[in-house]
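Asker: Coordinates in start.txt, compact mmCIF, C-alpha atoms, are listed below.
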# COMPACT_ATOMS: atom_id res chain seq x y z
CA MET D 595 -12.31 8.74 -0.21
CA ALA D 596 -13.92 5.71 1.38
CA GLY D 597 -14.55 4.02 -1.92
CA GLN D 598 -11.00 4.38 -3.15
CA SER D 599 -8.69 1.41 -3.47
CA ARG D 600 -5.66 0.95 -1.28
CA GLY D 601 -3.49 1.54 -4.36
CA GLU D 602 -5.05 4.97 -4.95
CA GLN D 603 -4.55 5.95 -1.33
CA ARG D 604 -0.94 4.75 -1.46
CA VAL D 605 -0.32 6.85 -4.56
CA GLY D 606 -1.86 9.85 -2.81
CA LEU D 607 0.27 9.35 0.27
CA LEU D 608 3.46 9.06 -1.81
CA ASN D 609 2.57 12.26 -3.65
CA GLY D 610 1.95 13.99 -0.33
CA PHE D 611 5.36 12.92 0.99
CA ALA D 612 6.95 14.05 -2.29
CA ALA D 613 5.29 17.47 -2.21
CA TYR D 614 6.09 18.33 1.40
CA GLY D 615 9.49 16.68 1.16
CA MET D 616 10.45 18.88 -1.80
CA TRP D 617 9.14 21.98 -0.03
CA GLY D 618 11.16 20.98 3.03
CA LEU D 619 14.39 20.48 1.09
CA VAL D 620 14.11 23.58 -1.10
CA PRO D 621 16.51 25.60 1.15
CA LEU D 622 19.26 23.50 -0.39
CA PHE D 623 18.36 24.83 -3.85
CA TRP D 624 18.33 28.63 -3.44
CA PRO D 625 22.00 29.02 -2.42
CA LEU D 626 22.96 27.34 -5.71
CA MET D 627 21.71 30.48 -7.49
CA LYS D 628 24.47 32.68 -6.09
CA PRO D 629 25.88 35.12 -7.09
CA ALA D 630 22.34 36.05 -8.23
CA GLY D 631 20.54 38.17 -5.64
CA ALA D 632 17.21 37.30 -4.08
CA VAL D 633 15.21 39.66 -6.32
CA GLU D 634 16.79 38.29 -9.49
CA ILE D 635 16.09 34.72 -8.38
CA LEU D 636 12.51 35.72 -7.56
CA ALA D 637 12.04 37.30 -11.00
CA HIS D 638 13.33 34.17 -12.73
CA ARG D 639 11.04 32.02 -10.61
CA MET D 640 8.05 34.13 -11.60
CA ALA D 641 8.94 34.09 -15.30
CA TRP D 642 9.90 30.43 -15.64
CA SER D 643 6.91 29.25 -13.62
CA LEU D 644 4.63 30.57 -16.35
CA ALA D 645 6.64 28.70 -18.99
CA VAL D 646 6.43 25.40 -17.09
CA VAL D 647 2.72 25.55 -16.24
CA GLY D 648 1.96 26.79 -19.76
CA ILE D 649 3.57 23.67 -21.24
CA LEU D 650 1.72 21.44 -18.75
CA LEU D 651 -1.64 23.01 -19.55
CA LEU D 652 -0.91 22.74 -23.27
CA VAL D 653 -0.15 19.03 -22.92
CA MET D 654 -3.22 18.44 -20.74
CA ARG D 655 -5.44 20.68 -22.90
CA ARG D 656 -6.87 22.49 -19.91
CA TRP D 657 -7.54 26.00 -21.21
CA SER D 658 -11.32 26.42 -20.89
CA TRP D 659 -11.00 27.96 -17.40
CA ALA D 660 -8.98 30.93 -18.76
CA GLY D 661 -11.87 32.37 -20.77
CA GLU D 662 -14.24 31.98 -17.82
CA LEU D 663 -11.75 33.71 -15.51
CA LEU D 664 -11.40 36.70 -17.85
CA ARG D 665 -15.18 37.16 -17.76
CA GLN D 666 -15.18 37.36 -13.94
CA PRO D 667 -13.52 40.65 -12.84
CA ARG D 668 -13.94 39.94 -9.12
CA LYS D 669 -12.21 36.57 -9.35
CA LEU D 670 -9.50 38.11 -11.53
CA ALA D 671 -8.92 40.78 -8.89
CA LEU D 672 -8.57 38.09 -6.22
CA ILE D 673 -6.06 36.25 -8.39
CA THR D 674 -4.08 39.50 -8.66
CA VAL D 675 -4.08 39.83 -4.87
CA ALA D 676 -2.94 36.20 -4.54
CA ALA D 677 -0.13 36.82 -7.05
CA ALA D 678 1.05 39.88 -5.12
CA VAL D 679 0.95 38.11 -1.74
CA ILE D 680 2.77 34.99 -2.93
CA THR D 681 5.39 37.20 -4.58
CA VAL D 682 6.12 38.72 -1.18
CA ASN D 683 6.22 35.25 0.38
CA TRP D 684 8.60 33.85 -2.23
CA GLY D 685 10.88 36.89 -2.11
CA VAL D 686 11.18 36.94 1.68
CA TYR D 687 11.79 33.20 1.79
CA ILE D 688 14.53 33.25 -0.85
CA TRP D 689 16.21 36.21 0.85
CA ALA D 690 15.93 34.53 4.28
CA VAL D 691 17.52 31.28 3.12
CA ASN D 692 20.38 32.97 1.25
CA SER D 693 20.99 35.34 4.18
CA GLY D 694 21.39 32.61 6.82
CA HIS D 695 17.89 32.68 8.36
CA VAL D 696 16.66 29.19 7.51
CA VAL D 697 15.57 28.41 11.08
CA GLU D 698 13.58 31.64 11.32
CA ALA D 699 12.02 30.89 7.94
CA SER D 700 10.97 27.44 9.16
CA LEU D 701 9.36 29.10 12.18
CA GLY D 702 7.15 31.07 9.79
CA TYR D 703 5.63 27.88 8.43
CA PHE D 704 5.33 26.38 11.91
CA ILE D 705 3.20 29.30 13.10
CA ASN D 706 1.27 29.59 9.82
CA PRO D 707 -1.61 27.31 11.04
CA LEU D 708 -1.98 29.51 14.14
CA VAL D 709 -2.10 32.67 12.03
CA THR D 710 -4.64 31.03 9.72
CA ILE D 711 -6.88 30.25 12.69
CA ALA D 712 -6.52 33.81 14.03
CA MET D 713 -7.46 35.24 10.63
CA GLY D 714 -10.48 32.95 10.51
CA VAL D 715 -11.69 34.39 13.82
CA LEU D 716 -10.98 38.03 12.94
CA LEU D 717 -12.03 38.09 9.29
CA LEU D 718 -14.48 35.22 8.86
CA LYS D 719 -16.00 35.37 12.36
CA GLU D 720 -15.31 31.68 12.92
CA ARG D 721 -15.82 30.21 16.38
CA LEU D 722 -13.00 28.30 18.00
CA ARG D 723 -13.13 25.34 20.33
CA PRO D 724 -11.43 25.75 23.75
CA VAL D 725 -8.36 23.74 22.73
CA GLN D 726 -7.93 25.91 19.63
CA TRP D 727 -8.05 29.04 21.80
CA ALA D 728 -5.41 27.49 24.04
CA ALA D 729 -3.20 26.75 21.01
CA VAL D 730 -3.49 30.33 19.77
CA GLY D 731 -2.61 31.62 23.25
CA VAL D 732 0.45 29.38 23.47
CA GLY D 733 1.49 30.49 19.97
CA ALA D 734 1.25 34.15 21.00
CA ALA D 735 3.39 33.39 24.05
CA ALA D 736 5.95 31.74 21.76
CA VAL D 737 6.18 34.86 19.60
CA LEU D 738 6.68 36.95 22.77
CA VAL D 739 9.49 34.66 23.99
CA LEU D 740 11.18 34.78 20.56
CA THR D 741 10.81 38.58 20.46
CA ILE D 742 12.63 38.81 23.79
CA GLY D 743 15.27 36.37 22.56
CA TYR D 744 15.88 38.14 19.23
CA GLY D 745 15.64 41.60 20.74
CA GLN D 746 12.94 42.34 18.17
CA PRO D 747 9.89 40.54 16.74
CA PRO D 748 10.75 37.62 14.42
CA TRP D 749 9.83 39.67 11.34
CA ILE D 750 10.85 37.04 8.80
CA SER D 751 8.70 34.38 10.45
CA LEU D 752 5.72 36.71 10.86
CA CYS D 753 5.95 37.98 7.29
CA LEU D 754 6.07 34.43 5.90
CA ALA D 755 3.24 33.24 8.14
CA PHE D 756 0.90 36.16 7.45
CA SER D 757 1.61 36.29 3.71
CA PHE D 758 0.99 32.57 3.27
CA ALA D 759 -2.12 32.64 5.47
CA THR D 760 -3.46 35.55 3.39
CA TYR D 761 -2.63 33.63 0.23
CA GLY D 762 -4.58 30.64 1.50
CA LEU D 763 -7.57 32.81 2.41
CA VAL D 764 -7.66 34.40 -1.05
CA LYS D 765 -7.22 31.03 -2.78
CA LYS D 766 -10.17 29.69 -0.81
CA LYS D 767 -12.37 32.49 -2.16
CA VAL D 768 -11.07 32.06 -5.73
CA ASN D 769 -11.82 28.32 -5.74
CA LEU D 770 -9.60 27.49 -8.72
CA GLY D 771 -7.50 24.35 -9.24
CA GLY D 772 -3.88 24.40 -8.12
CA LEU D 773 -2.29 24.24 -11.56
CA GLU D 774 -4.79 26.67 -13.07
CA SER D 775 -4.36 29.09 -10.18
CA LEU D 776 -0.56 28.99 -10.49
CA ALA D 777 -0.87 29.64 -14.22
CA ALA D 778 -3.10 32.67 -13.66
CA GLU D 779 -0.87 34.03 -10.90
CA SER D 780 2.27 33.48 -13.00
CA ALA D 781 0.66 35.27 -15.94
CA ILE D 782 0.12 38.29 -13.71
CA GLN D 783 3.66 38.06 -12.31
CA PHE D 784 5.33 37.54 -15.69
CA LEU D 785 5.37 41.10 -17.06
CA PRO D 786 6.83 42.77 -13.93
CA ALA D 787 9.41 39.98 -13.70
CA LEU D 788 10.37 40.34 -17.36
CA VAL D 789 10.66 44.12 -17.07
CA TYR D 790 12.93 43.76 -14.03
CA LEU D 791 15.15 41.18 -15.73
CA LEU D 792 15.48 43.33 -18.87
CA TRP D 793 16.33 46.34 -16.72
CA LEU D 794 18.89 44.30 -14.79
CA GLY D 795 20.42 43.11 -18.04
CA SER D 796 20.60 46.65 -19.45
CA ARG D 797 22.70 47.64 -16.43
CA GLY D 798 25.01 44.67 -16.88
CA ASP D 799 24.05 43.23 -13.49
CA ALA D 800 22.16 40.14 -14.68
CA THR D 801 23.85 36.82 -13.93
CA PHE D 802 21.73 34.64 -16.25
CA ALA D 803 24.13 34.80 -19.22
CA ALA D 804 27.23 35.91 -17.34
CA GLN D 805 27.81 32.87 -15.11
CA GLY D 806 27.78 30.09 -17.68
CA PRO D 807 25.17 27.60 -18.94
CA GLY D 808 24.97 25.72 -15.62
CA HIS D 809 23.91 28.83 -13.75
CA ALA D 810 21.40 29.70 -16.47
CA ALA D 811 19.94 26.18 -16.27
CA LEU D 812 19.57 26.46 -12.50
CA LEU D 813 17.73 29.77 -12.81
CA ALA D 814 15.44 28.25 -15.45
CA ALA D 815 14.84 25.26 -13.15
CA THR D 816 13.16 27.55 -10.62
CA GLY D 817 9.96 27.08 -12.65
CA VAL D 818 10.19 23.31 -12.27
CA VAL D 819 10.96 23.62 -8.54
CA THR D 820 7.80 25.71 -8.20
CA ALA D 821 5.44 23.58 -10.30
CA VAL D 822 6.39 19.97 -9.48
CA PRO D 823 5.62 20.02 -5.72
CA LEU D 824 2.31 21.73 -6.46
CA ILE D 825 1.37 19.00 -8.95
CA CYS D 826 2.25 16.32 -6.38
CA PHE D 827 0.20 18.14 -3.77
CA GLY D 828 -2.79 18.27 -6.12
CA ALA D 829 -2.49 14.51 -6.73
CA ALA D 830 -2.38 13.90 -2.97
CA ALA D 831 -5.27 16.21 -2.11
CA ILE D 832 -7.78 14.20 -4.13
CA ARG D 833 -6.65 10.82 -2.79
CA VAL D 834 -5.98 11.15 0.94
CA PRO D 835 -8.09 12.64 3.76
CA LEU D 836 -7.55 16.26 4.75
CA SER D 837 -6.59 15.13 8.25
CA THR D 838 -3.64 13.24 6.73
CA LEU D 839 -2.61 16.25 4.66
CA GLY D 840 -2.83 18.36 7.82
CA LEU D 841 -0.27 16.12 9.50
CA LEU D 842 1.97 15.93 6.44
CA GLN D 843 2.21 19.72 6.23
CA TYR D 844 4.53 19.76 9.23
CA MET D 845 7.13 17.81 7.25
CA ALA D 846 8.29 20.91 5.36
CA PRO D 847 9.12 23.17 8.33
CA VAL D 848 10.62 20.22 10.24
CA PHE D 849 13.00 19.52 7.34
CA GLN D 850 13.81 23.24 7.06
CA PHE D 851 14.47 23.49 10.79
CA LEU D 852 16.79 20.48 10.74
CA LEU D 853 18.62 21.83 7.69
CA GLY D 854 19.09 25.17 9.41
CA ILE D 855 20.69 23.53 12.45
CA LEU D 856 22.53 20.54 11.00
CA TYR D 857 23.50 21.73 7.51
CA PHE D 858 23.68 25.52 7.70
CA HIS D 859 24.85 25.44 11.35
CA GLU D 860 22.67 28.32 12.50
CA ALA D 861 22.77 29.27 16.17
CA MET D 862 20.03 28.06 18.52
CA PRO D 863 20.33 29.83 21.88
CA ALA D 864 18.17 28.77 24.81
CA GLU D 865 15.49 31.41 24.28
CA ARG D 866 15.04 30.29 20.68
CA TRP D 867 14.64 26.68 21.81
CA ALA D 868 12.07 27.86 24.36
CA GLY D 869 10.12 29.73 21.67
CA PHE D 870 10.15 26.77 19.31
CA ALA D 871 9.08 24.45 22.14
CA LEU D 872 6.03 26.63 22.76
CA VAL D 873 5.20 26.66 19.06
CA TRP D 874 5.43 22.87 18.92
CA LEU D 875 3.19 22.64 22.00
CA ALA D 876 0.62 24.83 20.29
CA LEU D 877 0.78 22.69 17.14
CA SER D 878 0.40 19.54 19.26
CA LEU D 879 -2.76 20.97 20.78
CA LEU D 880 -4.10 21.84 17.34
CA THR D 881 -3.30 18.38 16.00
CA PHE D 882 -4.91 16.67 18.99
CA ASP D 883 -8.04 18.80 18.64
CA ALA D 884 -8.25 18.22 14.88
CA LEU D 885 -7.91 14.44 15.26
CA ARG D 886 -10.52 14.39 18.03
CA ALA D 887 -12.91 16.45 15.91
CA ALA D 888 -12.31 14.15 12.95
CA ARG D 889 -13.07 11.07 15.09
CA ARG D 890 -16.25 12.69 16.40
CA GLY D 891 -17.30 13.58 12.89
CA ALA D 892 -16.66 10.03 11.67
CA ARG D 893 -18.60 8.59 14.62
CA ALA D 894 -21.53 10.94 14.01
CA LEU D 895 -21.51 9.96 10.35
CA ARG D 896 -21.57 6.27 11.24
CA GLU D 897 -24.41 6.79 13.71
CA SER D 898 -26.40 8.74 11.10
CA ALA D 899 -25.86 5.98 8.57
CA GLU D 900 -26.96 3.32 11.07
CA ALA D 901 -30.05 5.36 12.00
CA ALA D 902 -30.90 5.76 8.33
CA ARG D 903 -30.55 2.01 7.80
CA ALA D 904 -32.76 1.32 10.83
CA VAL D 905 -35.45 3.68 9.56
CA ALA D 906 -35.26 2.05 6.15
CA ALA D 907 -35.60 -1.40 7.75
CA ASP D 908 -38.62 -0.29 9.83
CA THR D 909 -40.25 1.22 6.77
CA SER D 910 -39.67 -1.98 4.83
CA GLY D 911 -41.29 -3.96 7.67
CA GLU D 912 -44.35 -1.71 7.69
CA VAL D 913 -44.70 -2.02 3.93
CA ALA D 914 -44.42 -5.79 4.17
CA GLU D 915 -47.11 -5.83 6.89
CA VAL D 916 -49.46 -3.73 4.76
CA VAL D 917 -48.88 -6.06 1.82
CA ALA D 918 -49.60 -9.09 4.02
CA VAL D 919 -52.83 -7.56 5.34
CA ALA D 920 -53.85 -6.71 1.83
CA ALA D 921 -53.09 -10.25 0.74
CA GLY D 922 -55.18 -11.66 3.64
CA THR D 923 -58.10 -9.37 2.85
CA ALA D 924 -58.15 -10.32 -0.82
CA PRO D 925 -59.92 -13.74 -0.35
CA GLU D 926 -62.61 -12.09 1.76
CA ALA D 927 -63.11 -9.47 -0.88
CA ALA D 928 -63.27 -12.20 -3.49
CA GLY D 929 -65.95 -14.06 -1.44
CA VAL D 930 -68.06 -10.93 -1.10
CA THR D 931 -67.77 -10.32 -4.81
CA ALA D 932 -68.78 -13.90 -5.59
CA GLY D 933 -71.85 -13.65 -3.29
CA ALA D 934 -72.91 -10.41 -4.91
CA ALA D 935 -72.57 -11.96 -8.34
CA GLU D 936 -74.69 -14.94 -7.31
CA THR D 937 -77.46 -12.69 -5.92
CA ALA D 938 -77.37 -10.58 -9.05
CA GLY D 939 -77.73 -13.75 -11.13
CA SER D 940 -80.86 -14.86 -9.23
CA THR D 941 -82.46 -11.46 -9.58
CA GLY D 942 -81.74 -11.44 -13.27
CA SER D 943 -83.48 -14.83 -13.75
CA THR D 944 -86.59 -13.61 -11.93
CA GLY D 945 -86.78 -10.52 -14.06
CA GLN D 946 -86.50 -12.54 -17.23
CA THR D 947 -89.29 -14.93 -16.11
CA GLY D 948 -91.69 -12.07 -15.33
CA ALA D 949 -91.04 -10.55 -18.70
CA ARG D 950 -91.80 -13.69 -20.52
CA GLY D 951 -95.07 -14.04 -18.52
CA ALA D 952 -96.17 -10.57 -19.45
CA VAL D 953 -95.78 -11.18 -23.14
As structure tokens, how would this structure be written, given the file I've shared?
Answerer:
Amino acid sequence: MAGQSRGEQRVGLLNGFAAYGMWGLVPLFWPLMKPAGAVEILAHRMAWSLAVVGILLLVMRRWSWAGELLRQPRKLALITVAAAVITVNWGVYIWAVNSGHVVEASLGYFINPLVTIAMGVLLLKERLRPVQWAAVGVGAAAVLVLTIGYGQPPWISLCLAFSFATYGLVKKKVNLGGLESLAAESAIQFLPALVYLLWLGSRGDATFAAQGPGHAALLAATGVVTAVPLICFGAAAIRVPLSTLGLLQYMAPVFQFLLGILYFHEAMPAERWAGFALVWLALSLLTFDALRAARRGARALRESAEAARAVAADTSGEVAEVVAVAAGTAPEAAGVTAGAAETAGSTGSTGQTGARGAV
């Protein structure tokens, strides 16, 4: 990252804004699918996503990973789990938006970082810093306040948060590129989606061909709506620091929250405001702690680099001193060698004289 040009970082930042901006504005898209139901929209999204990513991979000629994936049953099983979990996430989100629960859906993505941290502690045995524990505690209090306000737990928010956190955990273990992973997941989703759409059509309940070409085009565009933000995110992830991406991720739920209030005119009673305020406090604590940890890490890295340079400089000085001593000793060694040669010459002359006398 450090060696990248400002232009590359600017491109990455723009792609990050584009990705999270599109994810934040997507609640405006799903109502356009009506009168199609949430499950039909979901099935079209699953089917058309495979078509879009298939074309992209064909153009980019990135197919070598597929053969390797088929030879790894464990990784293939994880991809299947990821496909199932993201199917639940997509379906609940589409239903929530088209049923007038945009604000509650946005809450799911607000609390997702807290759920991810909790899963890290419970499943991966990760250790939290005190501020992170405080954030998780405040987040739990927020869910309690919202449960009291709703009269029941915020199931939509919790389902979205836990499904997406699980998806992230599985994706981390799979360790496959974003586009490749989406292609593999869509390939697994495709057959069930196709079977459902054919069954729906056989009953005469499908809206794809019954509502005109505009409606059909919108249903087909669900693949583009799925793939394009992911491509932008991939372009951002390799160009900007993770700390920046961590801050950008709040754009999507903020946009969704504002759309729910200002565009869809959803109710926000006092207890809901109180719950959201606690969630935002928890996220503020997390952000503060993450930025502080990033600064400490950068400072430690700088200090390590400076220490390494100092050691290298000291070593260079010692080497130079040894060379200088060696250079100073060389004339003395040369003088000793010359004296030895002279003595050897005298002895040689004496030997030769004695020999001649003997003959």
Asker: Measuring atom to atom with only C-alpha atoms, identify which of D:Gly610, D:Gly743, D:Gly631, D:Pro835 is nearest to Leu813 in chain D.
Answerer: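 Looking at the shortest contact to Leu813 in chain D, the residue is D:Gly631.
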Asker: What's around range 816-829 of chain D at 9 Å? Count only C-alpha atoms, leave out sequence neighbours fewer than 4 positions away in its own chain, and write the answer as a ChimeraX atom specification.
Answerer: /D:605-606,608-617,620,623-624,635-636,638-647,771-773,776,811-812,833
Asker: Select, from D:Arg889, D:Arg655, D:Arg668, D:Lys628, the residue with the minimum atom-to-atom distance to Val764 in chain D, counting all atoms listed in the file.
Answerer: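 Answer, going by the shortest atom-to-atom distance: D:Arg668.
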Asker: I'd like the neighbourhood of Val633 in chain D as a VMD selection string, where a residue qualifies if any of its atoms comes within 10 Å (using all atoms listed in the file), though same-chain residues fewer than 3 positions away should be ignored.
Answerer: chain D and resid 630 636 to 639 684 to 686 688 to 689 787 790 to 791
Asker: Just how far from CA of Arg886 in chain D is CA of Ile832 in chain D, in Å to one decimal?
Answerer: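 Going from CA of Ile832 in chain D over to CA of Arg886 in chain D, I get 22.3 Å.
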Asker: Just checking: using all atoms listed in the file, which residue out of D:Trp657, D:Trp793, D:Tyr761, D:Tyr857 ends up closest to Asn706 in chain D?
Answerer: D:Tyr761
Asker: So what do you get for CA of Arg721 in chain D versus CA of Ser898 in chain D, distance-wise?
Answerer: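 Result for CA of Arg721 in chain D versus CA of Ser898 in chain D: 24.5 Å, one decimal.
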Asker: From the options D:Arg797, D:Arg723, D:Lys765, D:Arg866, which residue's atoms come nearest to Pro748 in chain D, counting only C-alpha atoms?
Answerer: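 Answer, going by the shortest atom-to-atom distance: D:Arg866.
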Asker: Of the candidates D:Val653, D:Val834, D:Val682, D:Ala676, which one gets nearest to Arg604 in chain D if we count all atoms listed in the file?
Answerer: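 Nearest to Arg604 in chain D: D:Val834.
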Asker: How far is it from CA of Val732 in chain D to CA of Trp874 in chain D, in Å with one decimal?
Answerer: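 Going from CA of Val732 in chain D over to CA of Trp874 in chain D covers 9.4 Å.
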Asker: Which centre and which edge lengths, in Å to one decimal, describe the axis-aligned box that holds all listed atoms of range 812-830 of chain D after 8 Å is added on each side, as lines of an AutoDock Vina configuration file?
Answerer:
center_x = 8.4
center_y = 21.8
center_z = -9.2
size_x = 38.4
size_y = 31.9
size_z = 28.5
Asker: Under the rule that all atoms listed in the file are counted, which of D:Val739, D:Ala699, D:Ile782, D:Leu853 is the nearest residue to Ala671 in chain D?
Answerer: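 Ranked by minimum distance to Ala671 in chain D, first place goes to D:Ile782.
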